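Here is the file start05.pdb (PDB, C-alpha atoms (C1' of nucleotides)).
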ATOM      1  CA  MET A   1     -53.370 -25.929  19.621  1.00  0.00           C
ATOM      2  CA  LYS A   2     -53.389 -22.189  19.296  1.00  0.00           C
ATOM      3  CA  ALA A   3     -51.223 -20.055  21.479  1.00  0.00           C
ATOM      4  CA  ASP A   4     -53.665 -17.229  21.963  1.00  0.00           C
ATOM      5  CA  LYS A   5     -53.281 -14.765  24.780  1.00  0.00           C
ATOM      6  CA  ASN A   6     -56.347 -16.379  26.260  1.00  0.00           C
ATOM      7  CA  ASP A   7     -54.224 -19.453  26.870  1.00  0.00           C
ATOM      8  CA  PHE A   8     -51.890 -17.288  28.866  1.00  0.00           C
ATOM      9  CA  PHE A   9     -54.561 -16.714  31.474  1.00  0.00           C
ATOM     10  CA  LYS A  10     -55.547 -20.341  31.287  1.00  0.00           C
ATOM     11  CA  ASP A  11     -51.960 -21.389  31.784  1.00  0.00           C
ATOM     12  CA  VAL A  12     -51.679 -19.121  34.795  1.00  0.00           C
ATOM     13  CA  TYR A  13     -54.677 -20.811  36.372  1.00  0.00           C
ATOM     14  CA  ALA A  14     -53.197 -24.212  35.528  1.00  0.00           C
ATOM     15  CA  VAL A  15     -49.885 -23.400  37.190  1.00  0.00           C
ATOM     16  CA  VAL A  16     -51.562 -21.954  40.278  1.00  0.00           C
ATOM     17  CA  ARG A  17     -53.678 -25.087  40.606  1.00  0.00           C
ATOM     18  CA  LEU A  18     -50.478 -27.122  40.374  1.00  0.00           C
ATOM     19  CA  VAL A  19     -49.125 -25.400  43.432  1.00  0.00           C
ATOM     20  CA  PRO A  20     -48.869 -28.106  46.126  1.00  0.00           C
ATOM     21  CA  HIS A  21     -50.848 -27.849  49.322  1.00  0.00           C
ATOM     22  CA  GLY A  22     -48.994 -25.737  51.850  1.00  0.00           C
ATOM     23  CA  ARG A  23     -46.828 -24.082  49.245  1.00  0.00           C
ATOM     24  CA  VAL A  24     -46.749 -20.610  47.709  1.00  0.00           C
ATOM     25  CA  THR A  25     -45.459 -19.043  44.525  1.00  0.00           C
ATOM     26  CA  SER A  26     -44.930 -15.571  43.142  1.00  0.00           C
ATOM     27  CA  TYR A  27     -46.354 -13.665  40.176  1.00  0.00           C
ATOM     28  CA  GLY A  28     -42.926 -13.181  38.691  1.00  0.00           C
ATOM     29  CA  ALA A  29     -42.139 -16.898  38.956  1.00  0.00           C
ATOM     30  CA  ILE A  30     -45.261 -17.791  37.008  1.00  0.00           C
ATOM     31  CA  ALA A  31     -44.709 -15.012  34.503  1.00  0.00           C
ATOM     32  CA  ARG A  32     -41.139 -16.151  33.975  1.00  0.00           C
ATOM     33  CA  TYR A  33     -42.250 -19.752  33.619  1.00  0.00           C
ATOM     34  CA  LEU A  34     -44.781 -18.765  30.964  1.00  0.00           C
ATOM     35  CA  GLY A  35     -42.140 -16.747  29.174  1.00  0.00           C
ATOM     36  CA  THR A  36     -43.762 -13.386  29.787  1.00  0.00           C
ATOM     37  CA  GLY A  37     -40.921 -12.573  32.156  1.00  0.00           C
ATOM     38  CA  ARG A  38     -41.464  -8.921  32.860  1.00  0.00           C
ATOM     39  CA  SER A  39     -45.212  -9.014  32.348  1.00  0.00           C
ATOM     40  CA  SER A  40     -45.831 -10.133  35.897  1.00  0.00           C
ATOM     41  CA  ARG A  41     -48.725  -7.670  36.043  1.00  0.00           C
ATOM     42  CA  MET A  42     -50.707  -9.845  33.669  1.00  0.00           C
ATOM     43  CA  VAL A  43     -50.484 -12.688  36.173  1.00  0.00           C
ATOM     44  CA  GLY A  44     -52.198 -10.450  38.691  1.00  0.00           C
ATOM     45  CA  TRP A  45     -54.850  -9.600  36.119  1.00  0.00           C
ATOM     46  CA  ALA A  46     -55.396 -13.309  35.541  1.00  0.00           C
ATOM     47  CA  MET A  47     -56.006 -13.747  39.250  1.00  0.00           C
ATOM     48  CA  ASN A  48     -58.513 -10.936  39.127  1.00  0.00           C
ATOM     49  CA  ASN A  49     -60.325 -12.731  36.306  1.00  0.00           C
ATOM     50  CA  SER A  50     -60.171 -15.962  38.317  1.00  0.00           C
ATOM     51  CA  HIS A  51     -62.902 -14.604  40.553  1.00  0.00           C
ATOM     52  CA  GLY A  52     -65.483 -15.208  37.838  1.00  0.00           C
ATOM     53  CA  LEU A  53     -64.169 -18.637  36.906  1.00  0.00           C
ATOM     54  CA  GLU A  54     -66.139 -21.750  37.731  1.00  0.00           C
ATOM     55  CA  ASP A  55     -63.036 -23.449  39.081  1.00  0.00           C
ATOM     56  CA  SER A  56     -61.662 -21.831  42.195  1.00  0.00           C
ATOM     57  CA  VAL A  57     -58.062 -20.825  41.716  1.00  0.00           C
ATOM     58  CA  PRO A  58     -55.914 -20.927  44.884  1.00  0.00           C
ATOM     59  CA  ALA A  59     -54.846 -17.344  44.351  1.00  0.00           C
ATOM     60  CA  HIS A  60     -54.086 -17.159  48.050  1.00  0.00           C
ATOM     61  CA  ARG A  61     -51.023 -19.278  47.290  1.00  0.00           C
ATOM     62  CA  VAL A  62     -49.790 -16.606  44.938  1.00  0.00           C
ATOM     63  CA  VAL A  63     -47.929 -13.707  46.493  1.00  0.00           C
ATOM     64  CA  ASN A  64     -45.449 -11.166  45.293  1.00  0.00           C
ATOM     65  CA  ARG A  65     -41.711 -11.734  45.173  1.00  0.00           C
ATOM     66  CA  LEU A  66     -41.381 -10.494  48.752  1.00  0.00           C
ATOM     67  CA  GLY A  67     -43.892 -13.050  50.025  1.00  0.00           C
ATOM     68  CA  MET A  68     -46.256 -10.220  50.842  1.00  0.00           C
ATOM     69  CA  LEU A  69     -50.012 -10.799  50.586  1.00  0.00           C
ATOM     70  CA  THR A  70     -50.481  -7.971  48.151  1.00  0.00           C
ATOM     71  CA  GLY A  71     -53.777  -9.356  46.857  1.00  0.00           C
ATOM     72  CA  LYS A  72     -55.374  -9.953  50.217  1.00  0.00           C
ATOM     73  CA  ALA A  73     -57.639  -6.975  49.662  1.00  0.00           C
ATOM     74  CA  HIS A  74     -59.182  -8.712  46.633  1.00  0.00           C
ATOM     75  CA  PHE A  75     -60.392 -11.746  48.551  1.00  0.00           C
ATOM     76  CA  GLY A  76     -63.335  -9.870  49.970  1.00  0.00           C
ATOM     77  CA  SER A  77     -61.911  -9.760  53.455  1.00  0.00           C
ATOM     78  CA  ASP A  78     -58.461  -8.632  54.440  1.00  0.00           C
ATOM     79  CA  ASP A  79     -58.131 -11.723  56.635  1.00  0.00           C
ATOM     80  CA  ALA A  80     -59.462 -14.196  54.060  1.00  0.00           C
ATOM     81  CA  MET A  81     -56.162 -14.751  52.277  1.00  0.00           C
ATOM     82  CA  GLN A  82     -54.147 -15.051  55.471  1.00  0.00           C
ATOM     83  CA  LYS A  83     -56.740 -17.387  56.908  1.00  0.00           C
ATOM     84  CA  LEU A  84     -56.532 -19.642  53.863  1.00  0.00           C
ATOM     85  CA  LEU A  85     -52.747 -19.746  54.043  1.00  0.00           C
ATOM     86  CA  GLU A  86     -52.769 -20.570  57.743  1.00  0.00           C
ATOM     87  CA  ALA A  87     -55.322 -23.295  57.010  1.00  0.00           C
ATOM     88  CA  GLU A  88     -52.673 -24.948  54.832  1.00  0.00           C
ATOM     89  CA  GLY A  89     -50.009 -24.717  57.487  1.00  0.00           C
ATOM     90  CA  ILE A  90     -48.448 -21.558  56.105  1.00  0.00           C
ATOM     91  CA  LYS A  91     -47.620 -19.108  58.835  1.00  0.00           C
ATOM     92  CA  VAL A  92     -48.450 -15.526  57.960  1.00  0.00           C
ATOM     93  CA  GLU A  93     -47.387 -12.546  59.993  1.00  0.00           C
ATOM     94  CA  ASN A  94     -47.781  -8.873  59.234  1.00  0.00           C
ATOM     95  CA  ASP A  95     -49.289  -9.812  55.834  1.00  0.00           C
ATOM     96  CA  CYS A  96     -46.039 -11.559  55.001  1.00  0.00           C
ATOM     97  CA  VAL A  97     -45.468 -15.297  54.534  1.00  0.00           C
ATOM     98  CA  VAL A  98     -43.086 -16.646  57.161  1.00  0.00           C
ATOM     99  CA  TYR A  99     -40.304 -18.826  55.723  1.00  0.00           C
ATOM    100  CA  PHE A 100     -41.555 -17.706  52.314  1.00  0.00           C
ATOM    101  CA  GLU A 101     -38.319 -18.758  50.619  1.00  0.00           C
ATOM    102  CA  ARG A 102     -38.745 -22.184  52.193  1.00  0.00           C
ATOM    103  CA  LEU A 103     -42.355 -22.533  51.065  1.00  0.00           C
ATOM    104  CA  PHE A 104     -41.673 -20.924  47.728  1.00  0.00           C
ATOM    105  CA  TRP A 105     -42.725 -23.189  44.860  1.00  0.00           C
ATOM    106  CA  ASP A 106     -41.107 -22.313  41.564  1.00  0.00           C
ATOM    107  CA  PRO A 107     -42.890 -23.947  38.578  1.00  0.00           C
ATOM    108  CA  ALA A 108     -39.832 -23.502  36.413  1.00  0.00           C
ATOM    109  CA  ARG A 109     -37.862 -25.477  38.991  1.00  0.00           C
ATOM    110  CA  GLU A 110     -40.392 -27.951  40.380  1.00  0.00           C
ATOM    111  CA  LEU A 111     -41.809 -28.773  36.981  1.00  0.00           C
ATOM    112  CA  GLY A 112     -38.305 -29.098  35.598  1.00  0.00           C
ATOM    113  CA  LEU A 113     -38.085 -26.393  32.969  1.00  0.00           C
TER     114      LEU A 113
ATOM    115  C1'  DC B   1     -60.166   6.470  20.718  1.00  0.00           C
ATOM    116  C1'  DG B   2     -56.768   8.315  24.360  1.00  0.00           C
ATOM    117  C1'  DA B   3     -55.230   8.292  29.072  1.00  0.00           C
ATOM    118  C1'  DT B   4     -54.919   5.923  33.550  1.00  0.00           C
ATOM    119  C1'  DT B   5     -54.645   2.077  36.559  1.00  0.00           C
ATOM    120  C1'  DG B   6     -53.182  -2.481  38.210  1.00  0.00           C
ATOM    121  C1'  DA B   7     -52.892  -8.780  43.012  1.00  0.00           C
ATOM    122  C1'  DC B   8     -45.113  -6.928  39.961  1.00  0.00           C
ATOM    123  C1'  DG B   9     -40.380  -6.875  38.992  1.00  0.00           C
ATOM    124  C1'  DT B  10     -36.071  -5.093  37.580  1.00  0.00           C
ATOM    125  C1'  DA B  11     -32.864  -1.307  36.794  1.00  0.00           C
ATOM    126  C1'  DC B  12     -30.745   2.806  38.018  1.00  0.00           C
ATOM    127  C1'  DG B  13     -29.225   6.826  41.225  1.00  0.00           C
TER     128       DG B  13
ATOM    129  C1'  DT C   1     -28.500   0.226  51.473  1.00  0.00           C
ATOM    130  C1'  DC C   2     -32.659   2.707  50.391  1.00  0.00           C
ATOM    131  C1'  DG C   3     -35.590   5.346  47.187  1.00  0.00           C
ATOM    132  C1'  DT C   4     -37.315   6.382  42.699  1.00  0.00           C
ATOM    133  C1'  DA C   5     -38.223   5.442  37.752  1.00  0.00           C
ATOM    134  C1'  DC C   6     -39.487   2.558  34.081  1.00  0.00           C
ATOM    135  C1'  DG C   7     -41.336  -1.467  31.546  1.00  0.00           C
ATOM    136  C1'  DC C   8     -45.015  -4.850  30.557  1.00  0.00           C
ATOM    137  C1'  DC C   9     -49.849  -5.887  28.528  1.00  0.00           C
ATOM    138  C1'  DA C  10     -54.529  -5.722  29.239  1.00  0.00           C
ATOM    139  C1'  DA C  11     -58.720  -3.748  31.088  1.00  0.00           C
ATOM    140  C1'  DT C  12     -61.278   0.154  32.574  1.00  0.00           C
ATOM    141  C1'  DC C  13     -62.687   5.106  32.728  1.00  0.00           C
TER     142       DC C  13
END

Conversion result in structure tokens:
Amino acid sequence: MKADKNDFFKDVYAVVRLVPHGRVTSYGAIARYLGTGRSSRMVGWAMNNSHGLEDSVPAHRVVNRLGMLTGKAHFGSDDAMQKLLEAEGIKVENDCVVYFERLFWDPARELGL
DNA sequence: CGATTGACGTACG
DNA sequence: TCGTACGCCAATC
């Protein structure tokens, strides 16, 4: 098993797919879980690459540390991301996830790092 | 090949 | 407490 940077992206997708239905996580949480820590930007880049992937990555479950739908503009429609979150029972208001801290899913914690 | 941007986060003033 | 600056790594211009 090689630990190429390519696996980093792959791991990001894997973690995002592991996010339970009706839950959300943050870029920093994933980055920290992967060990990149401060390279949270790369997580966002991975999401951007996820658009061309065969497997759909629930990027709508990934928001910034504030629970803000920062990537909503990349879903094609500004309402697409919010609509997807609401479809899972996540209440979104003013582009911000309501009870974000309650719905927050930390891989490093849930997966038992 | 060099400079800028980007779906973020933390540190400092 | 709020605002600004910097770091991170890769991709794009």

Selection result of the PyMOL selection byres ((chain A and resi 74) around 10) on this file, as a ChimeraX atom specification: /A:47-48,51,59-60,70-73,75-78,80-81 /B:7

Would you save the residues of that selection, restricted to C-alpha atoms (C1' of nucleotides), as a PDB file, in the frame of the given file?
ATOM      1  CA  MET A  47     -56.006 -13.747  39.250  1.00  0.00           C
ATOM      2  CA  ASN A  48     -58.513 -10.936  39.127  1.00  0.00           C
ATOM      3  CA  HIS A  51     -62.902 -14.604  40.553  1.00  0.00           C
ATOM      4  CA  ALA A  59     -54.846 -17.344  44.351  1.00  0.00           C
ATOM      5  CA  HIS A  60     -54.086 -17.159  48.050  1.00  0.00           C
ATOM      6  CA  THR A  70     -50.481  -7.971  48.151  1.00  0.00           C
ATOM      7  CA  GLY A  71     -53.777  -9.356  46.857  1.00  0.00           C
ATOM      8  CA  LYS A  72     -55.374  -9.953  50.217  1.00  0.00           C
ATOM      9  CA  ALA A  73     -57.639  -6.975  49.662  1.00  0.00           C
ATOM     10  CA  PHE A  75     -60.392 -11.746  48.551  1.00  0.00           C
ATOM     11  CA  GLY A  76     -63.335  -9.870  49.970  1.00  0.00           C
ATOM     12  CA  SER A  77     -61.911  -9.760  53.455  1.00  0.00           C
ATOM     13  CA  ASP A  78     -58.461  -8.632  54.440  1.00  0.00           C
ATOM     14  CA  ALA A  80     -59.462 -14.196  54.060  1.00  0.00           C
ATOM     15  CA  MET A  81     -56.162 -14.751  52.277  1.00  0.00           C
TER      16      MET A  81
ATOM     17  C1'  DA B   7     -52.892  -8.780  43.012  1.00  0.00           C
TER      18       DA B   7
END

Chain C contacts on chain A, all atoms listed in the file, 7 Å, as a PyMOL selection string: chain A and resi 38-39+42

Length of the CA of Val12 (chain A) to CA of Leu34 (chain A) vector [Å]: 7.9 Å

Translate the PyMOL selection byres ((chain B) within 8 of (chain A)) into a concrete residue list for this structure, as an mmCIF file with C-alpha atoms (C1' of nucleotides), in the coordinates of the input.
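Full text of selection_18.cif as output:
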data_model
loop_
_atom_site.group_PDB
_atom_site.id
_atom_site.type_symbol
_atom_site.label_atom_id
_atom_site.label_comp_id
_atom_site.auth_asym_id
_atom_site.auth_seq_id
_atom_site.Cartn_x
_atom_site.Cartn_y
_atom_site.Cartn_z
ATOM 1 C "C1'" DG B 6 -53.182 -2.481 38.210
ATOM 2 C "C1'" DA B 7 -52.892 -8.780 43.012
ATOM 3 C "C1'" DC B 8 -45.113 -6.928 39.961
ATOM 4 C "C1'" DG B 9 -40.380 -6.875 38.992
#

Closest of A:Gly67, A:Gly52, A:Gly35, A:Pro58 to Leu103 (chain A) - atom-to-atom distances counting only C-alpha atoms: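 Of A:Gly67, A:Gly52, A:Gly35, A:Pro58, the one nearest Leu103 (chain A), counting only C-alpha atoms, is A:Gly67.
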
Distance in Å - CA of Arg102 (chain A) versus CA of Ile90 (chain A):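 Between CA of Arg102 (chain A) and CA of Ile90 (chain A) the gap is 10.5 Å.
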
CA of Val15 (chain A) to CA of Ala108 (chain A), straight-line distance in Å: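 Separation of CA of Ala108 (chain A) and CA of Val15 (chain A): 10.1 Å.
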
Shell around region 94-97 of chain A at 7 Å using all atoms listed in the file, local window under 2 positions removed, as number ranges by chain: A: 67-69, 91-92, 99-100

Axis-aligned box for region 3-10 of chain B, 6 Å per side, centre and edges in Å as JSON:
{"center_x": -45.7, "center_y": -0.2, "center_z": 36.0, "size_x": 31.2, "size_y": 29.1, "size_z": 25.9}

Surrounding residues of Val57 (chain A) excluding itself and chain neighbours under 5 positions, 7 Å, all atoms listed in the file, as a VMD selection string: chain A and resid 13 16 to 17 50
